[in-house]
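One file, final_25.cif, carrying mmCIF, C-alpha atoms:
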data_protein
#
loop_
_atom_site.label_atom_id
_atom_site.label_comp_id
_atom_site.auth_asym_id
_atom_site.auth_seq_id
_atom_site.Cartn_x
_atom_site.Cartn_y
_atom_site.Cartn_z
CA MET A 1 -10.64 62.97 -1.47
CA THR A 2 -14.08 61.72 -0.45
CA LEU A 3 -15.30 58.68 1.46
CA ASP A 4 -17.44 56.32 -0.58
CA ILE A 5 -19.21 53.37 1.01
CA THR A 6 -20.61 50.68 -1.28
CA GLY A 7 -21.74 47.40 0.18
CA ALA A 8 -19.10 46.25 2.62
CA LYS A 9 -16.26 48.06 0.88
CA ILE A 10 -14.76 51.37 1.87
CA PHE A 11 -12.56 53.19 -0.59
CA PHE A 12 -11.39 56.67 -1.42
CA THR A 13 -11.71 58.54 -4.68
CA ILE A 14 -9.92 61.70 -5.74
CA PRO A 15 -12.29 64.10 -7.53
CA THR A 16 -11.38 65.40 -10.95
CA GLY A 17 -11.74 68.95 -12.13
CA ILE A 18 -10.07 70.56 -9.09
CA PRO A 19 -10.06 74.37 -9.56
CA ILE A 20 -6.67 75.77 -10.40
CA LEU A 21 -5.47 79.22 -9.33
CA GLY A 22 -2.56 79.78 -11.67
CA ASP A 23 -0.35 76.75 -11.01
CA PHE A 24 -1.85 76.27 -7.55
CA PRO A 25 -4.67 73.71 -7.09
CA VAL A 26 -7.52 74.95 -4.89
CA THR A 27 -8.74 71.84 -3.04
CA GLU A 28 -11.64 71.38 -0.64
CA THR A 29 -9.18 71.06 2.25
CA LEU A 30 -7.56 74.36 1.33
CA VAL A 31 -10.85 76.25 1.05
CA ILE A 32 -12.17 74.96 4.39
CA SER A 33 -8.79 75.69 6.01
CA TRP A 34 -9.16 79.31 4.87
CA LEU A 35 -12.66 79.29 6.34
CA VAL A 36 -11.29 77.98 9.65
CA MET A 37 -8.68 80.75 9.74
CA ALA A 38 -11.35 83.34 8.93
CA ILE A 39 -13.53 82.06 11.79
CA ILE A 40 -10.66 82.20 14.29
CA THR A 41 -9.57 85.64 13.09
CA GLY A 42 -13.11 86.97 13.30
CA LEU A 43 -13.56 85.54 16.79
CA CYS A 44 -10.30 87.14 17.95
CA ILE A 45 -11.35 90.52 16.56
CA PHE A 46 -14.77 90.22 18.20
CA LEU A 47 -13.37 89.27 21.62
CA THR A 48 -10.69 91.98 21.69
CA ARG A 49 -12.79 94.97 20.66
CA GLY A 50 -13.08 97.80 23.17
CA LEU A 51 -10.66 96.46 25.78
CA LYS A 52 -10.72 98.24 29.15
CA VAL A 53 -8.75 98.21 32.39
CA GLU A 54 -11.83 98.56 34.59
CA ASN A 55 -15.48 97.59 34.22
CA ILE A 56 -14.63 95.06 31.57
CA SER A 57 -17.33 93.50 29.41
CA LYS A 58 -18.27 89.82 29.35
CA ARG A 59 -16.60 89.60 25.97
CA GLN A 60 -13.31 90.86 27.41
CA ALA A 61 -13.68 88.50 30.38
CA VAL A 62 -13.91 85.56 27.98
CA ALA A 63 -10.85 86.81 26.09
CA GLU A 64 -8.84 87.16 29.29
CA MET A 65 -9.92 83.69 30.43
CA LEU A 66 -8.73 82.18 27.14
CA VAL A 67 -5.38 83.97 27.38
CA GLU A 68 -4.93 82.88 30.99
CA THR A 69 -5.77 79.29 30.07
CA ALA A 70 -3.17 79.31 27.29
CA ASN A 71 -0.57 80.78 29.63
CA ASN A 72 -1.22 78.15 32.30
CA PHE A 73 -1.29 75.34 29.77
CA VAL A 74 2.22 76.10 28.54
CA ARG A 75 3.72 77.09 31.89
CA ASN A 76 2.30 74.11 33.80
CA ASN A 77 3.68 71.68 31.23
CA THR A 78 7.13 73.25 31.02
CA GLY A 79 7.51 74.17 34.67
CA SER A 80 8.69 77.73 34.03
CA THR A 81 8.11 80.92 32.08
CA LYS A 82 11.09 80.14 29.86
CA PHE A 83 8.83 79.04 27.04
CA ASP A 84 6.30 81.88 27.18
CA LYS A 85 7.24 82.71 23.62
CA LEU A 86 5.51 79.45 22.61
CA ILE A 87 2.15 80.54 24.05
CA PRO A 88 0.83 82.34 20.90
CA PHE A 89 1.94 79.47 18.67
CA VAL A 90 0.46 76.74 20.86
CA ALA A 91 -2.79 78.69 21.32
CA ALA A 92 -3.10 79.19 17.55
CA LEU A 93 -2.31 75.52 16.92
CA PHE A 94 -4.91 74.36 19.45
CA ALA A 95 -7.59 76.74 18.17
CA THR A 96 -6.98 75.76 14.55
CA SER A 97 -7.12 72.07 15.40
CA VAL A 98 -10.32 72.40 17.46
CA VAL A 99 -12.20 74.48 14.89
CA SER A 100 -10.98 72.22 12.06
CA ASN A 101 -12.22 69.15 13.91
CA LEU A 102 -15.57 70.64 14.93
CA ILE A 103 -16.39 72.20 11.57
CA SER A 104 -17.54 68.75 10.43
CA LEU A 105 -20.65 69.31 12.61
CA THR A 106 -21.84 71.78 9.96
CA GLY A 107 -21.66 69.15 7.25
CA LEU A 108 -18.35 70.40 5.85
CA ARG A 109 -15.41 68.05 5.53
CA SER A 110 -12.87 68.59 8.30
CA PRO A 111 -9.43 69.72 7.03
CA THR A 112 -7.88 67.39 9.62
CA ALA A 113 -9.36 64.43 7.72
CA ASP A 114 -6.65 65.19 5.14
CA LEU A 115 -3.17 63.99 6.13
CA SER A 116 -1.55 66.96 4.39
CA THR A 117 -2.98 69.28 7.07
CA GLU A 118 -1.45 67.43 10.01
CA ALA A 119 1.75 66.86 8.03
CA GLY A 120 2.14 70.62 7.60
CA TRP A 121 1.61 71.23 11.31
CA ALA A 122 4.02 68.45 12.26
CA LEU A 123 6.67 69.79 9.87
CA VAL A 124 6.51 73.23 11.51
CA VAL A 125 6.80 71.64 14.96
CA PHE A 126 9.74 69.50 13.80
CA VAL A 127 11.58 72.58 12.53
CA MET A 128 11.01 74.29 15.89
CA ILE A 129 12.26 71.22 17.78
CA THR A 130 15.39 71.01 15.63
CA ALA A 131 16.05 74.75 15.94
CA THR A 132 15.70 74.51 19.73
CA LYS A 133 18.19 71.62 19.90
CA ILE A 134 20.74 73.46 17.76
CA ARG A 135 20.31 76.71 19.69
CA SER A 136 20.70 74.93 23.05
CA GLY A 137 23.69 72.70 22.31
CA GLY A 138 25.13 73.98 19.06
CA LEU A 139 25.15 72.42 15.61
CA GLY A 140 28.15 70.22 16.41
CA ASN A 141 26.54 68.63 19.46
CA TYR A 142 23.28 68.17 17.56
CA LEU A 143 25.01 66.24 14.77
CA LYS A 144 27.15 64.35 17.27
CA GLY A 145 24.01 63.15 19.02
CA PHE A 146 23.15 61.00 16.02
CA THR A 147 26.29 58.91 16.58
CA GLU A 148 25.53 58.08 20.22
CA PRO A 149 25.93 55.72 21.98
CA ILE A 150 27.95 54.21 19.09
CA PHE A 151 28.49 55.29 15.49
CA VAL A 152 26.64 52.29 14.05
CA MET A 153 23.42 53.65 15.58
CA THR A 154 23.48 56.75 13.35
CA PRO A 155 20.91 55.53 10.77
CA PHE A 156 18.53 54.45 13.54
CA ASN A 157 18.93 57.76 15.37
CA ILE A 158 18.14 59.65 12.17
CA LEU A 159 15.03 57.53 11.64
CA GLY A 160 14.03 58.15 15.25
CA GLU A 161 14.37 61.89 14.73
CA LEU A 162 12.22 61.80 11.59
CA ALA A 163 9.66 59.59 13.33
CA THR A 164 8.59 62.50 15.56
CA PRO A 165 6.70 64.55 12.94
CA VAL A 166 5.41 61.40 11.22
CA SER A 167 3.93 59.98 14.42
CA MET A 168 2.38 63.32 15.41
CA ALA A 169 0.72 63.76 12.02
CA CYS A 170 -0.51 60.18 11.68
CA ARG A 171 -1.87 60.03 15.23
CA HIS A 172 -4.06 63.11 14.76
CA PHE A 173 -5.09 62.18 11.22
CA GLY A 174 -5.89 58.56 12.10
CA ASN A 175 -8.16 59.48 14.98
CA VAL A 176 -10.08 62.09 13.02
CA LEU A 177 -10.45 59.89 9.92
CA SER A 178 -11.55 56.89 11.99
CA GLY A 179 -14.41 58.98 13.39
CA VAL A 180 -15.48 59.96 9.87
CA VAL A 181 -15.41 56.33 8.72
CA ILE A 182 -17.26 54.95 11.77
CA ASN A 183 -19.98 57.61 11.56
CA GLY A 184 -20.32 56.87 7.85
CA LEU A 185 -20.66 53.13 8.51
CA ILE A 186 -23.28 53.71 11.22
CA TYR A 187 -25.33 55.96 8.93
CA TRP A 188 -25.04 53.47 6.05
CA ALA A 189 -26.04 50.52 8.25
CA LEU A 190 -29.07 52.33 9.70
CA ALA A 191 -30.17 53.46 6.24
CA GLY A 192 -29.98 49.85 5.08
CA ALA A 193 -31.94 48.71 8.13
CA SER A 194 -34.65 51.31 7.40
CA ALA A 195 -35.03 50.05 3.85
CA ALA A 196 -35.12 46.40 4.98
CA ILE A 197 -37.78 47.02 7.66
CA PHE A 198 -40.18 49.43 5.99
CA LYS A 199 -40.23 47.69 2.61
CA HIS A 200 -42.45 45.06 4.21
CA LEU A 201 -45.23 47.60 4.78
CA PRO A 202 -48.03 47.19 2.26
CA GLY A 203 -48.64 49.43 -0.71
CA ALA A 204 -47.24 52.84 -1.44
CA VAL A 205 -46.53 53.48 2.24
CA GLY A 206 -43.86 50.80 2.34
CA SER A 207 -42.43 51.91 -1.01
CA ILE A 208 -42.05 55.50 0.17
CA LEU A 209 -40.84 54.86 3.72
CA SER A 210 -38.26 52.29 2.57
CA LYS A 211 -36.52 55.06 0.64
CA ILE A 212 -36.28 57.36 3.69
CA PRO A 213 -33.42 56.58 6.12
CA ILE A 214 -35.67 57.04 9.17
CA LEU A 215 -33.49 55.00 11.52
CA SER A 216 -30.49 57.17 10.57
CA VAL A 217 -32.04 60.10 12.45
CA GLY A 218 -30.78 60.34 16.02
CA LEU A 219 -28.04 57.79 16.57
CA PRO A 220 -25.44 59.35 14.22
CA ALA A 221 -26.00 62.65 16.04
CA ILE A 222 -25.33 60.92 19.37
CA THR A 223 -22.14 59.24 18.15
CA SER A 224 -20.95 62.55 16.71
CA VAL A 225 -20.93 63.95 20.26
CA TYR A 226 -17.97 61.66 20.90
CA PHE A 227 -16.28 61.55 17.48
CA ASP A 228 -16.71 65.26 16.69
CA TRP A 229 -16.86 67.02 20.05
CA PHE A 230 -14.96 64.95 22.59
CA SER A 231 -12.46 63.27 20.27
CA GLY A 232 -11.95 66.47 18.25
CA VAL A 233 -11.07 68.55 21.31
CA MET A 234 -8.99 65.71 22.80
CA GLN A 235 -6.89 65.30 19.63
CA ALA A 236 -6.22 69.04 19.56
CA PHE A 237 -5.18 68.88 23.23
CA ILE A 238 -2.84 65.91 22.62
CA PHE A 239 -1.20 67.49 19.57
CA SER A 240 -0.60 70.75 21.46
CA MET A 241 0.67 68.87 24.51
CA LEU A 242 3.16 66.88 22.42
CA THR A 243 4.33 70.09 20.77
CA ILE A 244 5.11 71.65 24.14
CA MET A 245 6.79 68.53 25.54
CA PHE A 246 8.99 67.91 22.49
CA ILE A 247 10.16 71.53 22.28
CA SER A 248 10.80 71.83 26.02
CA ASN A 249 12.73 68.53 26.06
CA ALA A 250 14.78 69.69 23.08
CA SER A 251 16.16 72.58 25.12
CA GLU A 252 17.62 70.29 27.80
#

Since I need it in another form, could you write the structure as structure tokens?
Amino acid sequence: MTLDITGAKIFFTIPTGIPILGDFPVTETLVISWLVMAIITGLCIFLTRGLKVENISKRQAVAEMLVETANNFVRNNTGSTKFDKLIPFVAALFATSVVSNLISLTGLRSPTADLSTEAGWALVVFVMITATKIRSGGLGNYLKGFTEPIFVMTPFNILGELATPVSMACRHFGNVLSGVVINGLIYWALAGASAAIFKHLPGAVGSILSKIPILSVGLPAITSVYFDWFSGVMQAFIFSMLTIMFISNASE
């Protein structure tokens, strides 16, 4: 799925000829997601090579700082060490989200601009939330909770339960996609302004310069600092935070 901007209209097209691996379609989102996982895996291997107890290297210091940050992030938001088992999952979720969001800086399409990516993450989190509720109160109490405070509220309680993964996925996806669309609109508008301004120059100079999006150089890079860097890291932080809060609340 690619963004196409024509005039004042914005629409999406689904490319044809998607490679097929057996019965499994290999999409752009899937390939870049594999690349993201390879980057994270390679970084982990690099940071954890040659670990020592004393006289540690700068590389090991960075690794220990990241581990300590992940530990504090989960423990400070749950108030105890009860959920330490969530630390690897939350750290992996945050790292995957951050790298997926920031990979757009290289010109590749971010996997998080595809709703199926966030939907998969949210589904995993939803299963963990449900499992925590059942383990804490038992299956009977979990099912009974849908009938409270009165039985007639059951359909609404079920919808409320299903709304959790939907809202998590759509929130992350919407923020990432909006950045892609806004940056695309800014680039398109500046390219149009370049053509409108430089076409008035006489001769071949105006003809050549009007075809070069000169004004598009600079400003899109500045706006990407917010939409790619700040917003990308913030959305990863929010998704991870919600994951911790929902799972910890499910155990009460």

(request) Tell me which residues the PyMOL selection byres ((chain A and resi 71) around 12) grabs here, as a list in words. (result) Glu64, Met65, Leu66, Val67, Glu68, Thr69, Ala70, Asn72, Phe73, Val74, Arg75, Asn76, Asn77, Thr78, Gly79, Ser80, Thr81, Lys82, Phe83, Asp84, Lys85, Leu86, Ile87, Pro88, Phe89, Val90 and Ala91 of chain A

Quick one: apply the PyMOL selection byres ((chain A and resi 225-242) around 10) to the file and drop the selected residues here as a CSV table (one decimal) with C-alpha atoms, keeping the file's coordinate frame.
chain,number,residue,atom,x,y,z
A,73,PHE,CA,-1.3,75.3,29.8
A,74,VAL,CA,2.2,76.1,28.5
A,77,ASN,CA,3.7,71.7,31.2
A,89,PHE,CA,1.9,79.5,18.7
A,90,VAL,CA,0.5,76.7,20.9
A,91,ALA,CA,-2.8,78.7,21.3
A,92,ALA,CA,-3.1,79.2,17.6
A,93,LEU,CA,-2.3,75.5,16.9
A,94,PHE,CA,-4.9,74.4,19.4
A,95,ALA,CA,-7.6,76.7,18.2
A,96,THR,CA,-7.0,75.8,14.6
A,97,SER,CA,-7.1,72.1,15.4
A,98,VAL,CA,-10.3,72.4,17.5
A,99,VAL,CA,-12.2,74.5,14.9
A,100,SER,CA,-11.0,72.2,12.1
A,101,ASN,CA,-12.2,69.2,13.9
A,102,LEU,CA,-15.6,70.6,14.9
A,103,ILE,CA,-16.4,72.2,11.6
A,104,SER,CA,-17.5,68.8,10.4
A,105,LEU,CA,-20.6,69.3,12.6
A,110,SER,CA,-12.9,68.6,8.3
A,112,THR,CA,-7.9,67.4,9.6
A,118,GLU,CA,-1.4,67.4,10.0
A,121,TRP,CA,1.6,71.2,11.3
A,122,ALA,CA,4.0,68.4,12.3
A,125,VAL,CA,6.8,71.6,15.0
A,164,THR,CA,8.6,62.5,15.6
A,168,MET,CA,2.4,63.3,15.4
A,169,ALA,CA,0.7,63.8,12.0
A,171,ARG,CA,-1.9,60.0,15.2
A,172,HIS,CA,-4.1,63.1,14.8
A,173,PHE,CA,-5.1,62.2,11.2
A,175,ASN,CA,-8.2,59.5,15.0
A,176,VAL,CA,-10.1,62.1,13.0
A,177,LEU,CA,-10.4,59.9,9.9
A,178,SER,CA,-11.6,56.9,12.0
A,179,GLY,CA,-14.4,59.0,13.4
A,180,VAL,CA,-15.5,60.0,9.9
A,182,ILE,CA,-17.3,55.0,11.8
A,183,ASN,CA,-20.0,57.6,11.6
A,220,PRO,CA,-25.4,59.4,14.2
A,221,ALA,CA,-26.0,62.6,16.0
A,222,ILE,CA,-25.3,60.9,19.4
A,223,THR,CA,-22.1,59.2,18.2
A,224,SER,CA,-21.0,62.6,16.7
A,243,THR,CA,4.3,70.1,20.8
A,244,ILE,CA,5.1,71.6,24.1
A,245,MET,CA,6.8,68.5,25.5
A,246,PHE,CA,9.0,67.9,22.5
A,247,ILE,CA,10.2,71.5,22.3
A,248,SER,CA,10.8,71.8,26.0

(request) Take atom CA of A:Arg109 and atom CA of A:Thr29 and report the distance between them in Å, one decimal. (result)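 Spanning atom CA of A:Arg109 to atom CA of A:Thr29 is a straight-line distance of 7.7 Å.
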
(message) Quick check, in Å to one decimal: how far apart do atom CA of A:Thr106 and atom CA of A:Trp188 lie?
(response) 19.0 Å

(request) Identify, on the basis of only C-alpha atoms, every residue whose closest approach to A:Leu143 does not exceed 12 Å; exclude the query and any residue fewer than 2 positions from it along the same chain; express the result as a PyMOL selection string. (result) chain A and resi 130+133-134+137-141+145-148+151+154+157-158+161

(request) Show which residues sit within 9 Å of stretch 41-44 of chain A, as a PyMOL selection string. Count only C-alpha atoms, and ignore same-chain residues fewer than 5 positions away. (result) chain A and resi 36+49+63

(message) Between atom CA of A:Leu47 and atom CA of A:Ala61, what is the distance in Å, rounded to a tenth?
(response) 8.8 Å

(message) Ranking A:Ala189, A:Val124, A:Met153, A:Ile208 by minimum distance to A:Val166 and counting all atoms listed in the file, which one comes first?
(response)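 Under the stated criterion, the closest residue is A:Val124.
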
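Restricting the calculation to all atoms listed in the file, the smallest distance between A:Pro165 and any of A:Met37, A:Leu185, A:Ile197, A:Met128 is found for A:Met128.
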
(message) Given all atoms listed in the file as the basis, pick out the residue of A:Pro149, A:Gly120, A:Pro202, A:Gly192 nearest to A:Cys170.
(response)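 Of A:Pro149, A:Gly120, A:Pro202, A:Gly192, the one nearest A:Cys170, counting all atoms listed in the file, is A:Gly120.
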
Can stretch 30-54 of chain A be brought up to N, CA and C atoms and written out as a PDB file, in the frame of the given file?
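Contents of out29.pdb, freshly written:
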ATOM      1  N   LEU A  30      -8.118  73.016   1.306  1.00  0.00           N
ATOM      2  CA  LEU A  30      -7.560  74.360   1.330  1.00  0.00           C
ATOM      3  C   LEU A  30      -8.645  75.406   1.576  1.00  0.00           C
ATOM      4  N   VAL A  31      -9.765  75.273   0.907  1.00  0.00           N
ATOM      5  CA  VAL A  31     -10.850  76.250   1.050  1.00  0.00           C
ATOM      6  C   VAL A  31     -11.396  76.238   2.472  1.00  0.00           C
ATOM      7  N   ILE A  32     -11.621  75.044   3.027  1.00  0.00           N
ATOM      8  CA  ILE A  32     -12.170  74.960   4.390  1.00  0.00           C
ATOM      9  C   ILE A  32     -11.124  75.412   5.403  1.00  0.00           C
ATOM     10  N   SER A  33      -9.848  75.186   5.118  1.00  0.00           N
ATOM     11  CA  SER A  33      -8.790  75.690   6.010  1.00  0.00           C
ATOM     12  C   SER A  33      -8.806  77.205   6.044  1.00  0.00           C
ATOM     13  N   TRP A  34      -9.015  77.845   4.903  1.00  0.00           N
ATOM     14  CA  TRP A  34      -9.160  79.310   4.870  1.00  0.00           C
ATOM     15  C   TRP A  34     -10.374  79.745   5.689  1.00  0.00           C
ATOM     16  N   LEU A  35     -11.462  78.979   5.572  1.00  0.00           N
ATOM     17  CA  LEU A  35     -12.660  79.290   6.340  1.00  0.00           C
ATOM     18  C   LEU A  35     -12.393  79.184   7.840  1.00  0.00           C
ATOM     19  N   VAL A  36     -11.645  78.156   8.241  1.00  0.00           N
ATOM     20  CA  VAL A  36     -11.290  77.980   9.650  1.00  0.00           C
ATOM     21  C   VAL A  36     -10.475  79.175  10.143  1.00  0.00           C
ATOM     22  N   MET A  37      -9.495  79.596   9.354  1.00  0.00           N
ATOM     23  CA  MET A  37      -8.680  80.750   9.740  1.00  0.00           C
ATOM     24  C   MET A  37      -9.517  82.027   9.817  1.00  0.00           C
ATOM     25  N   ALA A  38     -10.482  82.166   8.906  1.00  0.00           N
ATOM     26  CA  ALA A  38     -11.350  83.340   8.930  1.00  0.00           C
ATOM     27  C   ALA A  38     -12.223  83.341  10.185  1.00  0.00           C
ATOM     28  N   ILE A  39     -12.704  82.162  10.584  1.00  0.00           N
ATOM     29  CA  ILE A  39     -13.530  82.060  11.790  1.00  0.00           C
ATOM     30  C   ILE A  39     -12.730  82.446  13.025  1.00  0.00           C
ATOM     31  N   ILE A  40     -11.514  81.906  13.131  1.00  0.00           N
ATOM     32  CA  ILE A  40     -10.660  82.200  14.290  1.00  0.00           C
ATOM     33  C   ILE A  40     -10.289  83.676  14.323  1.00  0.00           C
ATOM     34  N   THR A  41      -9.932  84.222  13.164  1.00  0.00           N
ATOM     35  CA  THR A  41      -9.570  85.640  13.090  1.00  0.00           C
ATOM     36  C   THR A  41     -10.753  86.533  13.484  1.00  0.00           C
ATOM     37  N   GLY A  42     -11.927  86.199  12.961  1.00  0.00           N
ATOM     38  CA  GLY A  42     -13.110  86.970  13.300  1.00  0.00           C
ATOM     39  C   GLY A  42     -13.449  86.891  14.777  1.00  0.00           C
ATOM     40  N   LEU A  43     -13.289  85.708  15.363  1.00  0.00           N
ATOM     41  CA  LEU A  43     -13.560  85.540  16.790  1.00  0.00           C
ATOM     42  C   LEU A  43     -12.582  86.357  17.633  1.00  0.00           C
ATOM     43  N   CYS A  44     -11.304  86.351  17.224  1.00  0.00           N
ATOM     44  CA  CYS A  44     -10.300  87.140  17.950  1.00  0.00           C
ATOM     45  C   CYS A  44     -10.612  88.637  17.884  1.00  0.00           C
ATOM     46  N   ILE A  45     -11.002  89.112  16.709  1.00  0.00           N
ATOM     47  CA  ILE A  45     -11.350  90.520  16.560  1.00  0.00           C
ATOM     48  C   ILE A  45     -12.559  90.870  17.412  1.00  0.00           C
ATOM     49  N   PHE A  46     -13.552  89.989  17.417  1.00  0.00           N
ATOM     50  CA  PHE A  46     -14.770  90.220  18.200  1.00  0.00           C
ATOM     51  C   PHE A  46     -14.477  90.286  19.699  1.00  0.00           C
ATOM     52  N   LEU A  47     -13.638  89.354  20.194  1.00  0.00           N
ATOM     53  CA  LEU A  47     -13.370  89.270  21.620  1.00  0.00           C
ATOM     54  C   LEU A  47     -12.462  90.399  22.130  1.00  0.00           C
ATOM     55  N   THR A  48     -11.668  90.979  21.246  1.00  0.00           N
ATOM     56  CA  THR A  48     -10.690  91.980  21.690  1.00  0.00           C
ATOM     57  C   THR A  48     -11.105  93.413  21.353  1.00  0.00           C
ATOM     58  N   ARG A  49     -12.327  93.599  20.958  1.00  0.00           N
ATOM     59  CA  ARG A  49     -12.790  94.970  20.660  1.00  0.00           C
ATOM     60  C   ARG A  49     -13.127  95.692  21.965  1.00  0.00           C
ATOM     61  N   GLY A  50     -12.727  96.959  22.045  1.00  0.00           N
ATOM     62  CA  GLY A  50     -13.080  97.800  23.170  1.00  0.00           C
ATOM     63  C   GLY A  50     -12.539  97.302  24.499  1.00  0.00           C
ATOM     64  N   LEU A  51     -11.255  96.930  24.541  1.00  0.00           N
ATOM     65  CA  LEU A  51     -10.660  96.460  25.780  1.00  0.00           C
ATOM     66  C   LEU A  51     -10.540  97.588  26.796  1.00  0.00           C
ATOM     67  N   LYS A  52     -10.777  97.262  28.075  1.00  0.00           N
ATOM     68  CA  LYS A  52     -10.720  98.240  29.150  1.00  0.00           C
ATOM     69  C   LYS A  52      -9.903  97.693  30.320  1.00  0.00           C
ATOM     70  N   VAL A  53      -9.462  98.606  31.178  1.00  0.00           N
ATOM     71  CA  VAL A  53      -8.750  98.210  32.390  1.00  0.00           C
ATOM     72  C   VAL A  53      -9.741  97.949  33.513  1.00  0.00           C
ATOM     73  N   GLU A  54     -10.804  98.722  33.569  1.00  0.00           N
ATOM     74  CA  GLU A  54     -11.830  98.560  34.590  1.00  0.00           C
ATOM     75  C   GLU A  54     -13.196  98.400  33.925  1.00  0.00           C
TER      76      GLU A  54
END
